[in-house]
$ cat data.cif   # mmCIF, C-alpha atoms
data_model
#
loop_
_atom_site.label_atom_id
_atom_site.label_comp_id
_atom_site.auth_asym_id
_atom_site.auth_seq_id
_atom_site.Cartn_x
_atom_site.Cartn_y
_atom_site.Cartn_z
CA MET B 10 19.50 27.41 -47.01
CA MET B 11 17.01 26.97 -44.16
CA ARG B 12 16.44 23.26 -44.93
CA SER B 13 20.10 22.40 -45.11
CA ARG B 14 20.67 24.01 -41.66
CA ASN B 15 17.81 22.01 -40.15
CA SER B 16 18.94 18.60 -41.39
CA LYS B 17 22.39 19.12 -39.91
CA GLY B 18 21.33 17.69 -36.44
CA PHE B 19 20.62 19.19 -32.99
CA THR B 20 22.20 22.19 -31.42
CA LEU B 21 23.49 21.93 -27.84
CA ALA B 22 20.61 24.11 -26.61
CA GLU B 23 18.03 21.81 -28.21
CA THR B 24 19.61 18.74 -26.65
CA ILE B 25 19.63 20.32 -23.21
CA VAL B 26 15.97 21.33 -23.50
CA TYR B 27 14.97 17.85 -24.67
CA ALA B 28 16.99 16.16 -21.94
CA ALA B 29 15.33 18.41 -19.35
CA LEU B 30 11.90 17.56 -20.75
CA VAL B 31 12.59 13.82 -20.68
CA GLY B 32 13.88 14.15 -17.11
CA LEU B 33 10.76 16.02 -16.05
CA LEU B 34 8.59 13.38 -17.71
CA MET B 35 10.45 10.59 -15.88
CA LEU B 36 9.97 12.45 -12.60
CA VAL B 37 6.22 12.76 -13.21
CA ILE B 38 5.98 9.04 -14.06
CA VAL B 39 7.94 7.96 -10.97
CA GLU B 40 5.97 10.29 -8.67
CA THR B 41 2.65 9.10 -10.09
CA THR B 42 3.57 5.44 -9.80
CA THR B 43 4.64 5.90 -6.18
CA ALA B 44 1.48 7.80 -5.31
CA VAL B 45 -0.74 5.22 -7.03
CA ALA B 46 1.02 2.39 -5.18
CA LEU B 47 0.54 4.21 -1.86
CA ALA B 48 -3.13 4.93 -2.56
CA SER B 49 -3.83 1.36 -3.58
CA ARG B 50 -2.08 0.03 -0.44
CA ARG B 51 -4.24 2.32 1.72
CA SER B 52 -7.30 1.22 -0.22
CA ARG B 53 -6.42 -2.44 0.35
CA ALA B 54 -5.90 -1.80 4.08
CA PHE B 55 -9.33 -0.14 4.45
CA LEU B 56 -10.95 -2.98 2.50
CA ASP B 57 -9.29 -5.57 4.74
CA ILE B 58 -10.40 -3.74 7.90
CA ASN B 59 -13.96 -3.42 6.55
CA SER B 60 -14.30 -7.08 5.62
CA ALA B 61 -12.72 -8.22 8.90
CA ALA B 62 -15.06 -5.98 10.94
CA ILE B 63 -18.16 -7.12 9.05
CA SER B 64 -17.35 -10.82 9.19
CA ALA B 65 -16.32 -10.77 12.86
CA PHE B 66 -19.27 -8.69 14.10
CA SER B 67 -21.74 -10.70 11.99
CA ARG B 68 -20.58 -13.80 13.83
CA PHE B 69 -20.52 -12.06 17.22
CA SER B 70 -24.06 -10.69 16.84
CA ARG B 71 -25.51 -13.92 15.48
CA ASP B 72 -23.95 -16.25 18.04
CA ILE B 73 -24.30 -14.00 21.09
CA ARG B 74 -27.99 -13.43 20.31
CA ARG B 75 -28.58 -17.17 19.91
CA ALA B 76 -26.82 -17.98 23.20
CA THR B 77 -28.60 -18.79 26.44
CA SER B 78 -25.79 -17.81 28.81
CA VAL B 79 -22.12 -16.90 29.12
CA ASP B 80 -19.78 -19.54 30.54
CA MET B 81 -18.27 -17.35 33.28
CA VAL B 82 -15.74 -20.00 34.32
CA ASN B 83 -14.11 -20.63 30.94
CA SER B 84 -14.42 -17.12 29.51
CA THR B 85 -11.75 -14.45 29.91
CA LEU B 86 -13.69 -11.23 30.34
CA ASN B 87 -12.50 -7.61 30.65
CA ALA B 88 -9.06 -8.39 29.18
CA SER B 89 -7.58 -7.27 25.86
CA SER B 90 -6.78 -10.84 24.84
CA GLY B 91 -10.24 -12.04 25.69
CA LYS B 92 -12.09 -15.28 25.32
CA LEU B 93 -15.85 -15.72 25.21
CA VAL B 94 -17.53 -19.07 25.78
CA LEU B 95 -21.25 -19.05 24.99
CA ASN B 96 -23.71 -21.74 26.00
CA MET B 97 -26.12 -22.43 23.19
CA ARG B 98 -29.06 -24.69 22.81
CA GLY B 99 -28.17 -27.29 20.18
CA ASP B 100 -30.38 -28.62 17.41
CA SER B 101 -31.86 -31.42 19.51
CA ASP B 102 -32.17 -29.29 22.67
CA ASP B 103 -28.80 -30.51 23.97
CA MET B 104 -26.29 -27.95 25.23
CA ALA B 105 -23.55 -26.82 22.89
CA SER B 106 -20.94 -24.10 23.20
CA THR B 107 -19.31 -21.57 20.91
CA THR B 108 -15.95 -20.03 21.75
CA PHE B 109 -14.44 -16.81 20.43
CA SER B 110 -10.81 -16.15 21.24
CA LEU B 111 -7.75 -14.28 20.07
CA SER B 112 -5.04 -16.49 18.62
CA GLY B 113 -2.01 -14.37 17.83
CA THR B 114 -3.57 -11.54 15.87
CA ARG B 115 -6.58 -13.42 14.50
CA VAL B 116 -10.03 -13.98 15.96
CA MET B 117 -10.80 -17.69 16.08
CA THR B 118 -14.09 -19.44 16.64
CA ASN B 119 -14.66 -22.95 17.87
CA GLU B 120 -17.94 -24.81 18.16
CA THR B 121 -18.65 -28.07 19.90
CA GLY B 122 -18.93 -30.53 17.08
CA GLY B 123 -15.55 -29.55 15.77
CA ILE B 124 -15.95 -26.65 13.38
CA SER B 125 -13.25 -24.09 14.09
CA GLY B 126 -11.34 -21.48 12.19
CA GLY B 127 -10.40 -17.84 11.88
CA ILE B 128 -13.05 -15.23 11.26
CA THR B 129 -10.63 -12.39 10.49
CA PRO B 130 -8.13 -12.50 7.60
CA ASP B 131 -4.36 -12.95 8.04
CA SER B 132 -3.70 -9.54 6.53
CA ILE B 133 -5.37 -7.83 9.50
CA SER B 134 -3.94 -7.75 12.97
CA VAL B 135 -6.39 -7.75 15.86
CA SER B 136 -4.56 -6.07 18.71
CA ASN B 137 -7.46 -6.03 21.15
CA LEU B 138 -10.45 -8.30 21.64
CA THR B 139 -12.27 -7.52 24.88
CA PHE B 140 -15.50 -9.12 26.03
CA ARG B 141 -17.68 -7.72 28.83
CA ALA B 142 -20.74 -9.45 30.21
CA PHE B 143 -23.61 -7.51 31.84
CA THR B 144 -26.49 -9.10 33.68
CA LEU B 145 -29.66 -7.28 34.74
CA GLY B 146 -32.28 -9.53 36.28
CA THR B 147 -32.42 -12.57 34.05
CA THR B 148 -31.16 -10.71 30.99
CA THR B 149 -27.53 -10.93 29.92
CA ALA B 150 -25.73 -8.83 27.31
CA VAL B 151 -22.20 -9.08 25.98
CA ARG B 152 -20.11 -6.15 24.80
CA VAL B 153 -17.35 -6.79 22.27
CA GLU B 154 -14.51 -4.34 21.73
CA MET B 155 -12.16 -5.06 18.84
CA THR B 156 -9.18 -3.09 17.53
CA LEU B 157 -8.14 -3.71 13.94
CA ALA B 158 -4.91 -2.61 12.27
CA PRO B 159 -3.54 -3.49 8.83
CA ASP B 160 -0.36 -5.58 8.82
CA ALA B 161 1.18 -3.88 5.81
CA SER B 162 3.25 -0.76 6.35
CA THR B 163 0.63 1.84 5.53
CA THR B 164 -0.34 5.14 7.08
CA VAL B 165 -3.71 3.64 8.06
CA PRO B 166 -4.13 3.79 11.83
CA ALA B 167 -5.81 1.13 13.96
CA LEU B 168 -9.54 1.53 14.51
CA ASN B 169 -11.76 0.36 17.37
CA PHE B 170 -15.08 -1.34 16.73
CA TYR B 171 -17.75 -1.88 19.38
CA GLY B 172 -20.92 -3.90 19.67
CA THR B 173 -23.32 -4.91 22.42
CA TYR B 174 -25.74 -7.79 21.98
CA VAL B 175 -28.44 -9.08 24.31
CA LEU B 176 -28.53 -12.86 24.65
CA ARG B 177 -32.07 -13.58 23.43
CA GLY B 178 -31.84 -17.05 24.96
CA SER B 179 -31.24 -15.51 28.39
CA TYR B 180 -34.86 -14.26 28.60
CA THR B 181 -36.13 -17.78 29.17
CA GLU B 182 -33.27 -19.12 31.24
CA MET P 13 5.75 17.59 -52.28
CA SER P 14 9.31 16.55 -51.60
CA ILE P 15 9.68 19.57 -49.31
CA ILE P 16 6.70 18.52 -47.17
CA LEU P 17 8.02 14.95 -46.90
CA ARG P 18 11.41 16.12 -45.72
CA HIS P 19 9.75 18.47 -43.27
CA ASP P 20 7.75 15.55 -41.71
CA LYS P 21 10.79 13.33 -41.32
CA ARG P 22 12.60 15.91 -39.24
CA GLY P 23 11.22 14.53 -35.93
CA SER P 24 9.04 16.14 -33.28
CA SER P 25 9.17 19.83 -32.56
CA LEU P 26 9.49 21.25 -29.06
CA VAL P 27 5.79 22.15 -29.07
CA GLU P 28 4.84 18.57 -29.91
CA VAL P 29 6.98 17.20 -27.07
CA VAL P 30 5.47 19.67 -24.61
CA VAL P 31 1.93 18.78 -25.74
CA ALA P 32 2.64 15.04 -25.48
CA ALA P 33 4.17 15.47 -22.03
CA SER P 34 1.22 17.48 -20.75
CA VAL P 35 -1.27 14.94 -22.14
CA LEU P 36 0.64 12.19 -20.33
CA ALA P 37 0.73 14.26 -17.14
CA VAL P 38 -3.02 14.91 -17.24
CA VAL P 39 -3.78 11.22 -17.87
CA SER P 40 -1.52 10.04 -15.06
CA LEU P 41 -2.95 12.65 -12.67
CA ALA P 42 -6.47 11.44 -13.49
CA PHE P 43 -5.27 7.87 -12.88
CA LEU P 44 -3.83 8.86 -9.52
CA GLY P 45 -6.97 10.84 -8.71
CA SER P 46 -9.21 7.84 -9.27
CA PHE P 47 -7.05 5.75 -6.96
CA SER P 48 -7.17 8.27 -4.15
CA VAL P 49 -10.95 8.65 -4.59
CA ILE P 50 -11.39 4.87 -4.28
CA SER P 51 -9.16 4.85 -1.20
CA ARG P 52 -11.24 7.64 0.34
CA LEU P 53 -14.49 5.77 -0.40
CA HIS P 54 -13.16 2.71 1.42
CA GLU P 55 -12.15 4.89 4.36
CA ARG P 56 -15.67 6.39 4.42
CA ASP P 57 -17.12 2.87 4.43
CA MET P 58 -14.89 1.98 7.36
CA ASN P 59 -16.23 4.92 9.40
CA LEU P 60 -19.77 4.00 8.35
CA ILE P 61 -19.38 0.38 9.49
CA LYS P 62 -18.13 1.57 12.87
CA ALA P 63 -21.03 4.03 13.19
CA GLU P 64 -23.60 1.40 12.23
CA LEU P 65 -22.25 -0.97 14.87
CA LEU P 66 -22.42 1.85 17.44
CA ALA P 67 -26.02 2.70 16.48
CA GLU P 68 -27.01 -0.95 16.74
CA GLU P 69 -25.29 -1.08 20.13
CA GLY P 70 -27.49 1.83 21.27
CA ILE P 71 -30.67 -0.19 20.59
CA GLU P 72 -29.26 -3.30 22.31
CA ALA P 73 -28.14 -1.23 25.31
CA ALA P 74 -31.69 0.16 25.64
CA ARG P 75 -32.97 -3.42 25.52
CA LEU P 76 -30.61 -4.36 28.36
CA ILE P 77 -31.55 -1.28 30.42
CA LYS P 78 -35.21 -2.28 30.03
CA ALA P 79 -34.36 -5.57 31.76
CA GLY P 80 -33.65 -3.50 34.91
CA GLY P 81 -37.31 -2.40 34.94
CA TRP P 82 -39.72 -0.86 32.44
CA THR P 83 -39.60 2.47 34.27
CA MET P 84 -35.88 2.75 33.42
CA LEU P 85 -36.99 3.17 29.82
CA SER P 86 -40.36 4.90 30.24
CA SER P 87 -38.87 7.56 32.54
CA VAL P 88 -36.72 8.94 29.71
CA ALA P 89 -39.57 8.92 27.15
CA GLY P 90 -40.03 12.17 25.25
CA SER P 91 -36.46 13.29 25.63
CA THR P 92 -33.02 12.75 24.21
CA THR P 93 -30.66 10.88 26.48
CA TYR P 94 -27.17 9.43 26.28
CA LEU P 95 -25.55 6.12 27.13
CA SER P 96 -22.95 5.55 29.79
CA LEU P 97 -20.88 2.37 30.04
CA GLY P 98 -20.43 1.30 33.64
CA VAL P 99 -18.44 -1.57 35.07
CA SER P 100 -21.43 -3.89 35.17
CA SER P 101 -24.02 -2.40 32.83
CA TRP P 102 -25.17 0.26 30.43
CA SER P 103 -27.20 3.13 31.86
CA PHE P 104 -28.79 6.37 30.68
CA THR P 105 -27.12 9.66 31.53
CA ALA P 106 -27.61 13.35 30.77
CA THR P 107 -23.95 13.73 29.74
CA PRO P 108 -23.43 13.56 25.96
CA GLU P 109 -21.52 10.50 24.86
CA VAL P 110 -18.64 10.78 22.43
CA VAL P 111 -17.07 7.50 21.39
CA ASP P 112 -13.35 7.70 20.53
CA ASP P 113 -13.62 11.52 20.39
CA THR P 114 -15.44 11.26 17.06
CA TYR P 115 -18.80 9.52 17.21
CA TYR P 116 -21.68 11.30 18.99
CA ARG P 117 -24.37 8.88 20.06
CA THR P 118 -27.85 9.97 21.17
CA ILE P 119 -30.80 7.86 22.29
CA SER P 120 -34.34 9.16 21.87
CA VAL P 121 -37.17 7.29 23.53
CA SER P 122 -40.66 8.30 22.45
CA GLN P 123 -44.21 7.25 23.26
CA VAL P 124 -46.20 5.12 20.86
CA ARG P 125 -49.81 5.88 19.89
CA ARG P 126 -52.27 3.30 18.71
CA ASP P 127 -55.66 3.68 17.03
CA ALA P 128 -58.85 1.69 17.76
CA ALA P 129 -57.55 -1.23 15.67
CA ASP P 130 -54.37 -1.35 17.82
CA ASP P 131 -52.25 -0.19 14.87
CA ILE P 132 -49.42 2.24 15.53
CA VAL P 133 -50.21 5.76 14.31
CA SER P 134 -48.04 8.87 14.36
CA VAL P 135 -50.92 11.23 15.23
CA GLY P 136 -54.16 10.69 17.09
CA GLY P 137 -55.07 7.50 18.88
CA THR P 138 -54.18 6.82 22.48
CA ILE P 139 -50.79 6.41 24.10
CA ASP P 140 -49.75 2.78 24.53
CA GLU P 141 -48.09 2.54 27.94
CA GLY P 142 -46.58 -0.84 27.10
CA THR P 143 -44.61 0.10 23.98
CA LEU P 144 -41.84 2.64 23.39
CA LEU P 145 -39.98 3.65 20.26
CA VAL P 146 -36.22 3.80 20.72
CA GLN P 147 -34.07 5.66 18.21
CA SER P 148 -30.31 5.40 18.32
CA SER P 149 -28.40 7.98 16.25
CA VAL P 150 -24.67 8.24 15.66
CA SER P 151 -23.16 11.36 14.06
CA TRP P 152 -19.58 11.99 13.09
CA LEU P 153 -17.57 14.64 11.31
CA TRP P 154 -15.29 13.50 8.53
CA ARG P 155 -13.58 15.70 5.96
CA GLY P 156 -15.75 18.66 6.89
CA ALA P 157 -19.06 16.86 6.45
CA THR P 158 -21.32 15.43 9.16
CA SER P 159 -22.88 12.03 8.57
CA THR P 160 -25.59 10.41 10.67
CA VAL P 161 -26.76 6.83 11.03
CA SER P 162 -30.07 6.17 12.83
CA TYR P 163 -31.72 2.94 13.85
CA GLN P 164 -35.22 2.62 15.33
CA SER P 165 -36.83 -0.20 17.22
CA TYR P 166 -40.06 -0.71 19.17
CA ILE P 167 -39.50 -2.17 22.60
CA ALA P 168 -42.45 -3.72 24.41
CA ASN P 169 -43.03 -4.20 28.13
CA LEU P 170 -43.31 -7.97 28.16
#
$ encode --input "data.cif" --output "structure tokens"
Amino acid sequence: MMRSRNSKGFTLAETIVYAALVGLLMLVIVETTTAVALASRRSRAFLDINSAAISAFSRFSRDIRRATSVDMVNSTLNASSGKLVLNMRGDSDDMASTTFSLSGTRVMTNETGGISGGITPDSISVSNLTFRAFTLGTTTAVRVEMTLAPDASTTVPALNFYGTYVLRGSYTE
Amino acid sequence: MSIILRHDKRGSSLVEVVVAASVLAVVSLAFLGSFSVISRLHERDMNLIKAELLAEEGIEAARLIKAGGWTMLSSVAGSTTYLSLGVSSWSFTATPEVVDDTYYRTISVSQVRRDAADDIVSVGGTIDEGTLLVQSSVSWLWRGATSTVSYQSYIANL
């Protein structure tokens, strides 16, 4: 008697409960997928900012410390779309220069001898690149202020990075 | 035997569906949790990179201030001081510095002691008037926890 009732099919109540369960399951899946996508986008944005900050400031610190002086004529100092021209001593004691500038939303570098390129990735927008030069006696230091923001539409806000480096070559100038 | 077989072919019971759904929910929540943890770790790294650059800047600023005269550095020895960015240079100030309302930067300059062999010692020896130890510390509060990055460097009166 029991068995024959059970093999008859589903009652309306059972169907409604099952449909509700499936709906709830779908909702959980959709919500989770959306949240995972959002978290991974944020993650990506932080990673991009981190790698851009490290690569840019590694170059800034290395080249500014190696420089002998700042080319005050060709540099654009104290402006948010700045340009820094550093005088360096070349391999065979000849004078060379290294330029850092903002091209669109990327930081570019250019060395005499022809090597040039971007030092921040395309996925990051540099909205501010300010250079300041300080001179005390014969010693010169350069301060770099850089604002990085991810291009993708994330909730990650822009972040400022700062660095000051003394031109080691300026001691002997 | 035939009864058991027919019983198994009936499909899943409500309890089974609920159990399966909760297992799926737990797994997907764990999945989501790992993603948000990774995202938070990258955010923490970002703050750390900024703080490390600021701490390094503190040492370099002290190096620049020294160029304005050794006494600029030796006069603040034994105390904690702060940096102030002027139009044309860095200088020491008594006002605490907070960068972007988040990062507290302090500079401590301390005297250096050397023994008879001219090696730096923490206790004993005599004070070396031509060398100072500069420590640059950056602290910031993030998600209820305070982190600190400190760099140290000896600066000599050359």
$ residues_near_point --input "data.cif" --point "(-30.8, -13.0, 25.2)" --cutoff "7 Å" --atoms "all atoms listed in the file" --output "list in words"
Arg74, Ala76, Thr77, Thr148, Thr149, Ala150, Val175, Leu176, Arg177, Gly178, Ser179 and Tyr180 of chain B
$ residues_around --input "data.cif" --residues "range 154-165 of chain B" --least-positions-apart "4" --cutoff "10 Å" --atoms "only C-alpha atoms" --output "JSON, numbers by chain"
{"B": [47, 48, 50, 51, 52, 53, 54, 55, 56, 57, 58, 59, 61, 62, 65, 66, 87, 89, 90, 91, 114, 115, 116, 129, 131, 132, 133, 134, 135, 136, 137, 138, 139, 140, 141, 169, 170, 171, 172, 173], "P": [55]}
$ interface_residues --input "data.cif" --of "chain P" --to "chain B" --cutoff "6 Å" --atoms "only C-alpha atoms" --output "list of chain:residue names"
P:Leu44, P:Phe47, P:Ser48, P:Ser51, P:His54, P:Glu55, P:Met58, P:Lys62, P:Leu65, P:Glu69, P:Glu72, P:Ala79, P:Gly80, P:Ser100, P:Ser101
$ atom_distance --input "data.cif" --atom1 "CA of Leu95 in chain P" --atom2 "CA of Ser122 in chain P"
16.0 Å
$ atom_distance --input "data.cif" --atom1 "CA of Leu53 in chain P" --atom2 "CA of Ala167 in chain B"
17.4 Å
$ atom_distance --input "data.cif" --atom1 "CA of Ala88 in chain B" --atom2 "CA of Val99 in chain P"
13.0 Å
$ residues_around --input "data.cif" --residues "Gln123 in chain P" --least-positions-apart "2" --cutoff "7 Å" --atoms "all atoms listed in the file" --output "CSV table (one decimal) with C-alpha atoms, keeping the file's coordinate frame"
chain,number,residue,atom,x,y,z
P,89,ALA,CA,-39.6,8.9,27.2
P,90,GLY,CA,-40.0,12.2,25.2
P,125,ARG,CA,-49.8,5.9,19.9
P,139,ILE,CA,-50.8,6.4,24.1
P,144,LEU,CA,-41.8,2.6,23.4
P,145,LEU,CA,-40.0,3.6,20.3
$ resolve_selection --input "data.cif" --expression "the PyMOL selection byres ((chain P and resi 96) around 9)" --output "VMD selection string"
chain P and resid 94 to 95 97 to 98 101 to 105 107 to 109
$ closest_residue --input "data.cif" --among "B:Ser125, B:Thr107, B:Thr118, B:Ser112" --to "Leu95 in chain B" --atoms "all atoms listed in the file"
B:Thr107
$ residues_near_point --input "data.cif" --point "(-21.3, 10.8, 20.3)" --cutoff "10 Å" --atoms "only C-alpha atoms" --output "JSON, numbers by chain"
{"P": [63, 66, 94, 95, 108, 109, 110, 111, 112, 113, 114, 115, 116, 117, 118, 149, 150, 151, 152]}
$ closest_residue --input "data.cif" --among "P:Ser24, P:Thr158, P:Asn59, P:Ser120" --to "Ser86 in chain P" --atoms "all atoms listed in the file"
P:Ser120
$ decode --input "data.cif" --residues "range 70-87 of chain B" --atoms "N, CA and C atoms" --output "short mmCIF file (atom, residue, chain, number, x, y, z; two decimals), in the first residue's frame"
data_model
loop_
_atom_site.label_atom_id
_atom_site.label_comp_id
_atom_site.auth_asym_id
_atom_site.auth_seq_id
_atom_site.Cartn_x
_atom_site.Cartn_y
_atom_site.Cartn_z
N SER B 70 65.19 54.73 -7.45
CA SER B 70 66.24 54.75 -6.43
C SER B 70 67.59 54.42 -7.05
N ARG B 71 67.63 53.46 -7.96
CA ARG B 71 68.91 53.08 -8.56
C ARG B 71 69.49 54.22 -9.38
N ASP B 72 68.66 54.80 -10.27
CA ASP B 72 69.19 55.81 -11.19
C ASP B 72 69.44 57.15 -10.51
N ILE B 73 68.57 57.53 -9.56
CA ILE B 73 68.80 58.81 -8.88
C ILE B 73 70.07 58.72 -8.04
N ARG B 74 70.29 57.58 -7.37
CA ARG B 74 71.50 57.44 -6.55
C ARG B 74 72.77 57.44 -7.41
N ARG B 75 72.68 56.91 -8.62
CA ARG B 75 73.86 56.86 -9.50
C ARG B 75 74.14 58.22 -10.14
N ALA B 76 73.16 59.11 -10.14
CA ALA B 76 73.30 60.37 -10.87
C ALA B 76 74.27 61.33 -10.19
N THR B 77 74.82 62.23 -11.01
CA THR B 77 75.72 63.25 -10.45
C THR B 77 74.98 64.57 -10.24
N SER B 78 73.99 64.85 -11.08
CA SER B 78 73.21 66.08 -10.89
C SER B 78 71.88 65.99 -11.61
N VAL B 79 71.00 66.94 -11.29
CA VAL B 79 69.70 67.02 -11.96
C VAL B 79 69.78 68.10 -13.03
N ASP B 80 69.32 67.77 -14.23
CA ASP B 80 69.29 68.74 -15.32
C ASP B 80 68.10 69.68 -15.08
N MET B 81 68.39 70.84 -14.44
CA MET B 81 67.32 71.75 -14.03
C MET B 81 66.61 72.38 -15.23
N VAL B 82 67.29 72.47 -16.36
CA VAL B 82 66.71 73.13 -17.53
C VAL B 82 65.66 72.24 -18.20
N ASN B 83 66.01 70.95 -18.38
CA ASN B 83 65.12 70.06 -19.11
C ASN B 83 64.12 69.31 -18.24
N SER B 84 64.30 69.37 -16.93
CA SER B 84 63.37 68.68 -16.03
C SER B 84 62.14 69.54 -15.78
N THR B 85 61.02 68.88 -15.51
CA THR B 85 59.80 69.58 -15.08
C THR B 85 59.57 69.19 -13.63
N LEU B 86 59.96 70.08 -12.72
CA LEU B 86 59.86 69.77 -11.30
C LEU B 86 58.59 70.38 -10.70
N ASN B 87 58.18 69.84 -9.55
CA ASN B 87 57.05 70.36 -8.77
C ASN B 87 55.74 70.41 -9.56
#
